[in-house]
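Source file: data27.cif. Holds: mmCIF, C-alpha atoms.
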data_final
loop_
_atom_site.group_PDB
_atom_site.id
_atom_site.type_symbol
_atom_site.label_atom_id
_atom_site.label_comp_id
_atom_site.auth_asym_id
_atom_site.auth_seq_id
_atom_site.Cartn_x
_atom_site.Cartn_y
_atom_site.Cartn_z
ATOM 1 C CA MET A 1 -109.823 153.491 -62.053
ATOM 2 C CA GLY A 2 -113.599 153.957 -61.835
ATOM 3 C CA HIS A 3 -115.486 153.309 -58.643
ATOM 4 C CA GLU A 4 -117.964 150.444 -58.798
ATOM 5 C CA LEU A 5 -120.553 152.162 -56.610
ATOM 6 C CA HIS A 6 -122.948 149.199 -56.611
ATOM 7 C CA LYS A 7 -120.377 147.318 -54.502
ATOM 8 C CA TRP A 8 -120.194 149.979 -51.799
ATOM 9 C CA THR A 9 -122.128 149.402 -48.570
ATOM 10 C CA LEU A 10 -123.502 152.933 -48.346
ATOM 11 C CA HIS A 11 -124.609 153.295 -51.971
ATOM 12 C CA ALA A 12 -128.041 152.697 -53.516
ATOM 13 C CA ASP A 13 -129.625 150.955 -50.552
ATOM 14 C CA GLY A 14 -132.318 153.530 -49.817
ATOM 15 C CA ASP A 15 -130.442 154.604 -46.664
ATOM 16 C CA ARG A 16 -131.037 151.175 -45.120
ATOM 17 C CA GLN A 17 -127.606 149.615 -45.807
ATOM 18 C CA TRP A 18 -128.780 146.037 -45.376
ATOM 19 C CA GLY A 19 -126.973 144.880 -48.524
ATOM 20 C CA ALA A 20 -123.870 143.884 -46.559
ATOM 21 C CA LEU A 21 -125.950 141.619 -44.334
ATOM 22 C CA THR A 22 -128.038 140.005 -47.070
ATOM 23 C CA THR A 23 -124.888 139.017 -48.959
ATOM 24 C CA ASN A 24 -124.316 136.242 -46.402
ATOM 25 C CA VAL A 25 -127.741 134.776 -47.206
ATOM 26 C CA SER A 26 -126.869 134.710 -50.917
ATOM 27 C CA GLU A 27 -123.534 133.047 -50.234
ATOM 28 C CA SER A 28 -125.201 130.462 -48.027
ATOM 29 C CA PHE A 29 -127.651 129.577 -50.786
ATOM 30 C CA ASN A 30 -124.817 129.414 -53.333
ATOM 31 C CA GLY A 31 -123.106 126.929 -51.027
ATOM 32 C CA LEU A 32 -126.148 124.682 -51.293
ATOM 33 C CA LEU A 33 -126.047 124.801 -55.076
ATOM 34 C CA LYS A 34 -122.372 123.783 -55.292
ATOM 35 C CA PHE A 35 -123.360 120.213 -54.504
ATOM 36 C CA ALA A 36 -125.985 120.224 -57.253
ATOM 37 C CA ARG A 37 -123.632 120.383 -60.229
ATOM 38 C CA GLY A 38 -124.250 117.598 -62.683
ATOM 39 C CA LEU A 39 -127.576 116.499 -61.180
ATOM 40 C CA LEU A 40 -130.885 116.334 -63.003
ATOM 41 C CA ALA A 41 -133.158 119.355 -62.604
ATOM 42 C CA THR A 42 -135.685 117.467 -60.460
ATOM 43 C CA SER A 43 -132.897 116.213 -58.197
ATOM 44 C CA ILE A 44 -131.569 119.756 -57.823
ATOM 45 C CA VAL A 45 -135.023 121.034 -56.835
ATOM 46 C CA ARG A 46 -135.546 118.211 -54.308
ATOM 47 C CA MET A 47 -132.085 118.590 -52.792
ATOM 48 C CA THR A 48 -132.370 122.376 -52.557
ATOM 49 C CA PHE A 49 -135.819 122.184 -50.973
ATOM 50 C CA LYS A 50 -134.699 119.541 -48.469
ATOM 51 C CA GLN A 51 -131.580 121.448 -47.413
ATOM 52 C CA MET A 52 -133.389 124.796 -47.176
ATOM 53 C CA ALA A 53 -136.171 123.198 -45.111
ATOM 54 C CA GLU A 54 -133.583 121.630 -42.784
ATOM 55 C CA ARG A 55 -131.869 124.999 -42.342
ATOM 56 C CA PHE A 56 -135.163 126.705 -41.550
ATOM 57 C CA VAL A 57 -136.066 124.053 -38.975
ATOM 58 C CA GLU A 58 -132.616 124.137 -37.323
ATOM 59 C CA ARG A 59 -132.397 127.929 -37.201
ATOM 60 C CA HIS A 60 -135.948 128.257 -35.893
ATOM 61 C CA ARG A 61 -135.200 125.680 -33.185
ATOM 62 C CA ALA A 62 -131.963 127.407 -32.144
ATOM 63 C CA ALA A 63 -133.612 130.837 -32.034
ATOM 64 C CA SER A 64 -136.598 129.487 -30.113
ATOM 65 C CA GLU A 65 -134.215 128.078 -27.488
ATOM 66 C CA LEU A 66 -132.620 131.518 -27.139
ATOM 67 C CA MET A 67 -136.046 133.096 -26.801
ATOM 68 C CA ASP A 68 -137.019 130.574 -24.108
ATOM 69 C CA LYS A 69 -133.858 131.547 -22.194
ATOM 70 C CA GLY A 70 -134.900 135.200 -22.345
ATOM 71 C CA VAL A 71 -132.108 136.277 -24.697
ATOM 72 C CA GLN A 72 -133.061 139.550 -26.388
ATOM 73 C CA PHE A 73 -130.574 139.732 -29.287
ATOM 74 C CA MET A 74 -128.781 137.191 -31.478
ATOM 75 C CA PRO A 75 -125.223 136.266 -30.377
ATOM 76 C CA ILE A 76 -123.221 137.478 -33.389
ATOM 77 C CA PRO A 77 -124.484 141.093 -33.345
ATOM 78 C CA MET A 78 -124.113 141.100 -29.559
ATOM 79 C CA ARG A 79 -120.415 140.230 -29.878
ATOM 80 C CA LYS A 80 -119.937 143.407 -31.938
ATOM 81 C CA PHE A 81 -122.081 145.322 -29.413
ATOM 82 C CA GLU A 82 -119.921 144.111 -26.493
ATOM 83 C CA LYS A 83 -116.725 144.975 -28.392
ATOM 84 C CA TYR A 84 -118.005 148.538 -28.909
ATOM 85 C CA LYS A 85 -119.005 148.708 -25.254
ATOM 86 C CA ARG A 86 -115.456 147.782 -24.160
ATOM 87 C CA ARG A 87 -113.948 150.375 -26.513
ATOM 88 C CA ALA A 88 -116.323 153.067 -25.239
ATOM 89 C CA TYR A 89 -114.715 152.863 -21.805
ATOM 90 C CA TRP A 90 -111.512 154.473 -23.097
ATOM 91 C CA HIS A 91 -113.140 157.326 -25.051
ATOM 92 C CA SER A 92 -113.596 160.849 -23.675
ATOM 93 C CA TYR A 93 -117.088 162.318 -23.555
ATOM 94 C CA LEU A 94 -117.635 165.999 -24.319
ATOM 95 C CA GLN A 95 -121.124 167.330 -23.680
ATOM 96 C CA TYR A 96 -122.148 169.407 -26.638
ATOM 97 C CA ASP A 97 -125.910 169.986 -26.803
ATOM 98 C CA HIS A 98 -127.560 167.758 -24.223
ATOM 99 C CA ASP A 99 -131.090 169.084 -24.877
ATOM 100 C CA ARG A 100 -130.970 168.056 -28.540
ATOM 101 C CA GLY A 101 -128.988 164.865 -27.879
ATOM 102 C CA ILE A 102 -125.874 165.957 -29.753
ATOM 103 C CA PHE A 103 -122.508 165.047 -28.244
ATOM 104 C CA GLU A 104 -118.839 164.889 -29.108
ATOM 105 C CA VAL A 105 -116.538 162.014 -28.260
ATOM 106 C CA ARG A 106 -112.768 161.897 -28.563
ATOM 107 C CA THR A 107 -111.286 158.463 -29.148
ATOM 108 C CA ALA A 108 -108.496 157.128 -26.958
ATOM 109 C CA ILE A 109 -104.924 157.413 -28.188
ATOM 110 C CA CYS A 110 -103.302 154.062 -28.911
ATOM 111 C CA GLY A 111 -99.920 154.317 -30.615
ATOM 112 C CA HIS A 112 -100.391 156.206 -33.871
ATOM 113 C CA TRP A 113 -104.173 155.719 -33.798
ATOM 114 C CA GLY A 114 -106.951 157.538 -32.037
ATOM 115 C CA ASN A 115 -107.491 161.069 -30.761
ATOM 116 C CA ASN A 116 -110.258 161.491 -33.346
ATOM 117 C CA LEU A 117 -113.292 163.649 -32.661
ATOM 118 C CA HIS A 118 -116.737 162.227 -33.516
ATOM 119 C CA THR A 119 -120.136 163.875 -33.324
ATOM 120 C CA VAL A 120 -123.046 161.754 -32.098
ATOM 121 C CA ASN A 121 -126.687 162.685 -32.683
ATOM 122 C CA GLU A 122 -128.826 160.471 -30.447
ATOM 123 C CA ALA A 123 -132.169 161.549 -31.957
ATOM 124 C CA SER A 124 -131.040 160.831 -35.536
ATOM 125 C CA ARG A 125 -129.142 157.683 -34.548
ATOM 126 C CA PHE A 126 -126.073 159.058 -36.253
ATOM 127 C CA CYS A 127 -122.352 159.171 -35.536
ATOM 128 C CA SER A 128 -119.809 160.837 -37.798
ATOM 129 C CA CYS A 129 -117.784 157.580 -37.874
ATOM 130 C CA GLY A 130 -120.564 156.023 -40.000
ATOM 131 C CA LYS A 131 -120.711 152.697 -38.138
ATOM 132 C CA TRP A 132 -124.149 153.344 -36.641
ATOM 133 C CA ILE A 133 -125.630 153.592 -40.145
ATOM 134 C CA ILE A 134 -123.693 150.628 -41.519
ATOM 135 C CA TYR A 135 -124.240 148.167 -38.656
ATOM 136 C CA HIS A 136 -127.650 149.354 -37.373
ATOM 137 C CA MET A 137 -126.434 149.561 -33.804
ATOM 138 C CA SER A 138 -124.756 152.296 -31.827
ATOM 139 C CA CYS A 139 -121.000 152.523 -32.207
ATOM 140 C CA ALA A 140 -118.503 152.875 -29.351
ATOM 141 C CA HIS A 141 -118.721 156.676 -29.575
ATOM 142 C CA ALA A 142 -122.489 156.657 -29.118
ATOM 143 C CA MET A 143 -122.189 154.115 -26.308
ATOM 144 C CA LYS A 144 -119.842 156.460 -24.458
ATOM 145 C CA CYS A 145 -122.545 159.145 -24.629
ATOM 146 C CA PHE A 146 -125.231 156.733 -23.454
ATOM 147 C CA GLN A 147 -123.081 155.658 -20.505
ATOM 148 C CA GLN A 148 -122.560 159.283 -19.500
ATOM 149 C CA VAL A 149 -126.208 160.373 -19.694
ATOM 150 C CA GLY A 150 -127.725 157.117 -18.412
ATOM 151 C CA LEU A 151 -129.341 155.800 -21.607
ATOM 152 C CA GLY A 152 -129.458 152.082 -22.369
ATOM 153 C CA ALA A 153 -127.379 151.301 -25.463
ATOM 154 C CA THR A 154 -129.458 148.207 -26.267
ATOM 155 C CA ASN A 155 -132.376 150.551 -27.008
ATOM 156 C CA TYR A 156 -130.424 151.625 -30.091
ATOM 157 C CA VAL A 157 -129.844 148.158 -31.563
ATOM 158 C CA ASP A 158 -132.041 147.564 -34.611
ATOM 159 C CA ARG A 159 -134.924 145.171 -33.989
ATOM 160 C CA GLN A 160 -133.762 143.005 -36.912
ATOM 161 C CA TYR A 161 -130.998 141.738 -34.596
ATOM 162 C CA SER A 162 -133.545 140.577 -32.032
ATOM 163 C CA VAL A 163 -134.191 136.922 -31.328
ATOM 164 C CA ALA A 164 -137.903 137.570 -31.970
ATOM 165 C CA ALA A 165 -137.163 138.849 -35.497
ATOM 166 C CA TYR A 166 -134.922 135.839 -36.155
ATOM 167 C CA VAL A 167 -137.628 133.434 -34.960
ATOM 168 C CA ASN A 168 -140.128 135.227 -37.177
ATOM 169 C CA THR A 169 -137.795 134.961 -40.179
ATOM 170 C CA TYR A 170 -137.506 131.192 -39.827
ATOM 171 C CA SER A 171 -141.112 130.484 -38.887
ATOM 172 C CA GLY A 172 -141.815 129.418 -42.458
#
Now that the file is in, can you turn its structure into structure tokens?
Amino acid sequence: MGHELHKWTLHADGDRQWGALTTNVSESFNGLLKFARGLLATSIVRMTFKQMAERFVERHRAASELMDKGVQFMPIPMRKFEKYKRRAYWHSYLQYDHDRGIFEVRTAICGHWGNNLHTVNEASRFCSCGKWIIYHMSCAHAMKCFQQVGLGATNYVDRQYSVAAYVNTYSG
């Protein structure tokens, strides 16, 4: 069976790997069009414009409220961030090359899982698990390193997850 590389998260995305995130936008728009079947072209255009405009207004309003409350990042990425932070507690930190920001982390043993060794490069924003590249935020292994050396893990969350970026996206 051949591999359909265009469907893989880490392939042909110019090392940005945003394809997995933009898929949700496409699916959302497709959801709008489902209701348009059988309508005249002008009705489809009006309906699509109206629904897209309503979504922009609602999302801008919701993000603006978060910004007014002083929230730095959007809730959904922060749930993943907090999950990684909880997992980091159980990992073991091994100092490797502190001057260059390269560390090793051993994952906790849980049943038949765990006890894996991962290399974290703080300067390159890289972990051998691959999650840092895929999700554009530090993984649990990197967070363990940051906790040990006193770095703030939120400094390594991509700005596209920020409330300010979200507000800017829906500013129209």
I would like the residues chosen by the PyMOL selection byres ((chain A and resi 33) around 12) on the shown file; could you give them as an MDAnalysis selection string?
chainID A and resid 26:32 34:39 41 43:49 51:52
Give me the result of the PyMOL selection byres ((chain A and resi 121-137) around 7) on this file, residue by residue, as a VMD selection string.
chain A and resid 17 101 to 103 118 to 120 138 to 139 142 156 to 158
For region 63-68 of chain A, list every protein, DNA or RNA residue within 6 Å, evaluated using only C-alpha atoms, and leave out those in the same chain fewer than 3 positions away; present the list as an MDAnalysis selection string.
chainID A and resid 60 71 167
In the coordinate frame of the file, compute which residues have an atom within 12 Å of (-117.7, 147.4, -24.3) when using all atoms listed in the file, and state them as JSON, numbers by chain.
{"A": [78, 79, 80, 81, 82, 83, 84, 85, 86, 87, 88, 89, 90, 91, 138, 139, 140, 141, 142, 143, 144, 147, 153, 154]}
Could you turn the residues from that selection into a file that holds C-alpha atoms, as a PDB file, in the coordinates of the input?
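Saved file selection33.pdb follows:
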ATOM      1  CA  MET A  78    -124.113 141.100 -29.559  1.00  0.00           C
ATOM      2  CA  ARG A  79    -120.415 140.230 -29.878  1.00  0.00           C
ATOM      3  CA  LYS A  80    -119.937 143.407 -31.938  1.00  0.00           C
ATOM      4  CA  PHE A  81    -122.081 145.322 -29.413  1.00  0.00           C
ATOM      5  CA  GLU A  82    -119.921 144.111 -26.493  1.00  0.00           C
ATOM      6  CA  LYS A  83    -116.725 144.975 -28.392  1.00  0.00           C
ATOM      7  CA  TYR A  84    -118.005 148.538 -28.909  1.00  0.00           C
ATOM      8  CA  LYS A  85    -119.005 148.708 -25.254  1.00  0.00           C
ATOM      9  CA  ARG A  86    -115.456 147.782 -24.160  1.00  0.00           C
ATOM     10  CA  ARG A  87    -113.948 150.375 -26.513  1.00  0.00           C
ATOM     11  CA  ALA A  88    -116.323 153.067 -25.239  1.00  0.00           C
ATOM     12  CA  TYR A  89    -114.715 152.863 -21.805  1.00  0.00           C
ATOM     13  CA  TRP A  90    -111.512 154.473 -23.097  1.00  0.00           C
ATOM     14  CA  HIS A  91    -113.140 157.326 -25.051  1.00  0.00           C
ATOM     15  CA  SER A 138    -124.756 152.296 -31.827  1.00  0.00           C
ATOM     16  CA  CYS A 139    -121.000 152.523 -32.207  1.00  0.00           C
ATOM     17  CA  ALA A 140    -118.503 152.875 -29.351  1.00  0.00           C
ATOM     18  CA  HIS A 141    -118.721 156.676 -29.575  1.00  0.00           C
ATOM     19  CA  ALA A 142    -122.489 156.657 -29.118  1.00  0.00           C
ATOM     20  CA  MET A 143    -122.189 154.115 -26.308  1.00  0.00           C
ATOM     21  CA  LYS A 144    -119.842 156.460 -24.458  1.00  0.00           C
ATOM     22  CA  GLN A 147    -123.081 155.658 -20.505  1.00  0.00           C
ATOM     23  CA  ALA A 153    -127.379 151.301 -25.463  1.00  0.00           C
ATOM     24  CA  THR A 154    -129.458 148.207 -26.267  1.00  0.00           C
TER      25      THR A 154
END
Tell me which protein, DNA and RNA residues are within 8 Å of Gln72 (chain A), counting all atoms listed in the file, leaving out same-chain ones fewer than 3 positions away, and put them as a list in words.
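Non-adjacent residues within range: Met67, Ser162, Val163 and Ala164 of chain A.
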To one decimal in Å, tell me the separation between CA of Gly111 (chain A) and CA of Tyr93 (chain A).
20.2 Å
Would you place a box with edges along x, y and z of the file around all atoms of region 28-31 of chain A listed there, add 5 Å to each of its six sides, and report the centre and edge lengths in Å to one decimal, as AutoDock Vina command-line options?
--center_x -125.4 --center_y 128.7 --center_z -50.7 --size_x 14.5 --size_y 13.5 --size_z 15.3
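Of note, CA of Asn168 (chain A) and CA of Ile76 (chain A) are spaced 17.5 Å apart.
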Between CA of Phe146 (chain A) and CA of Asn116 (chain A), measure the distance and give it in Å to one decimal.
18.6 Å
Which residue gives the smallest distance to Ala62 (chain A) among A:Val105, A:Pro75, A:Gln148, A:Asp97, with only C-alpha atoms counted?
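Of A:Val105, A:Pro75, A:Gln148, A:Asp97, the one nearest Ala62 (chain A) is A:Pro75, counting only C-alpha atoms.
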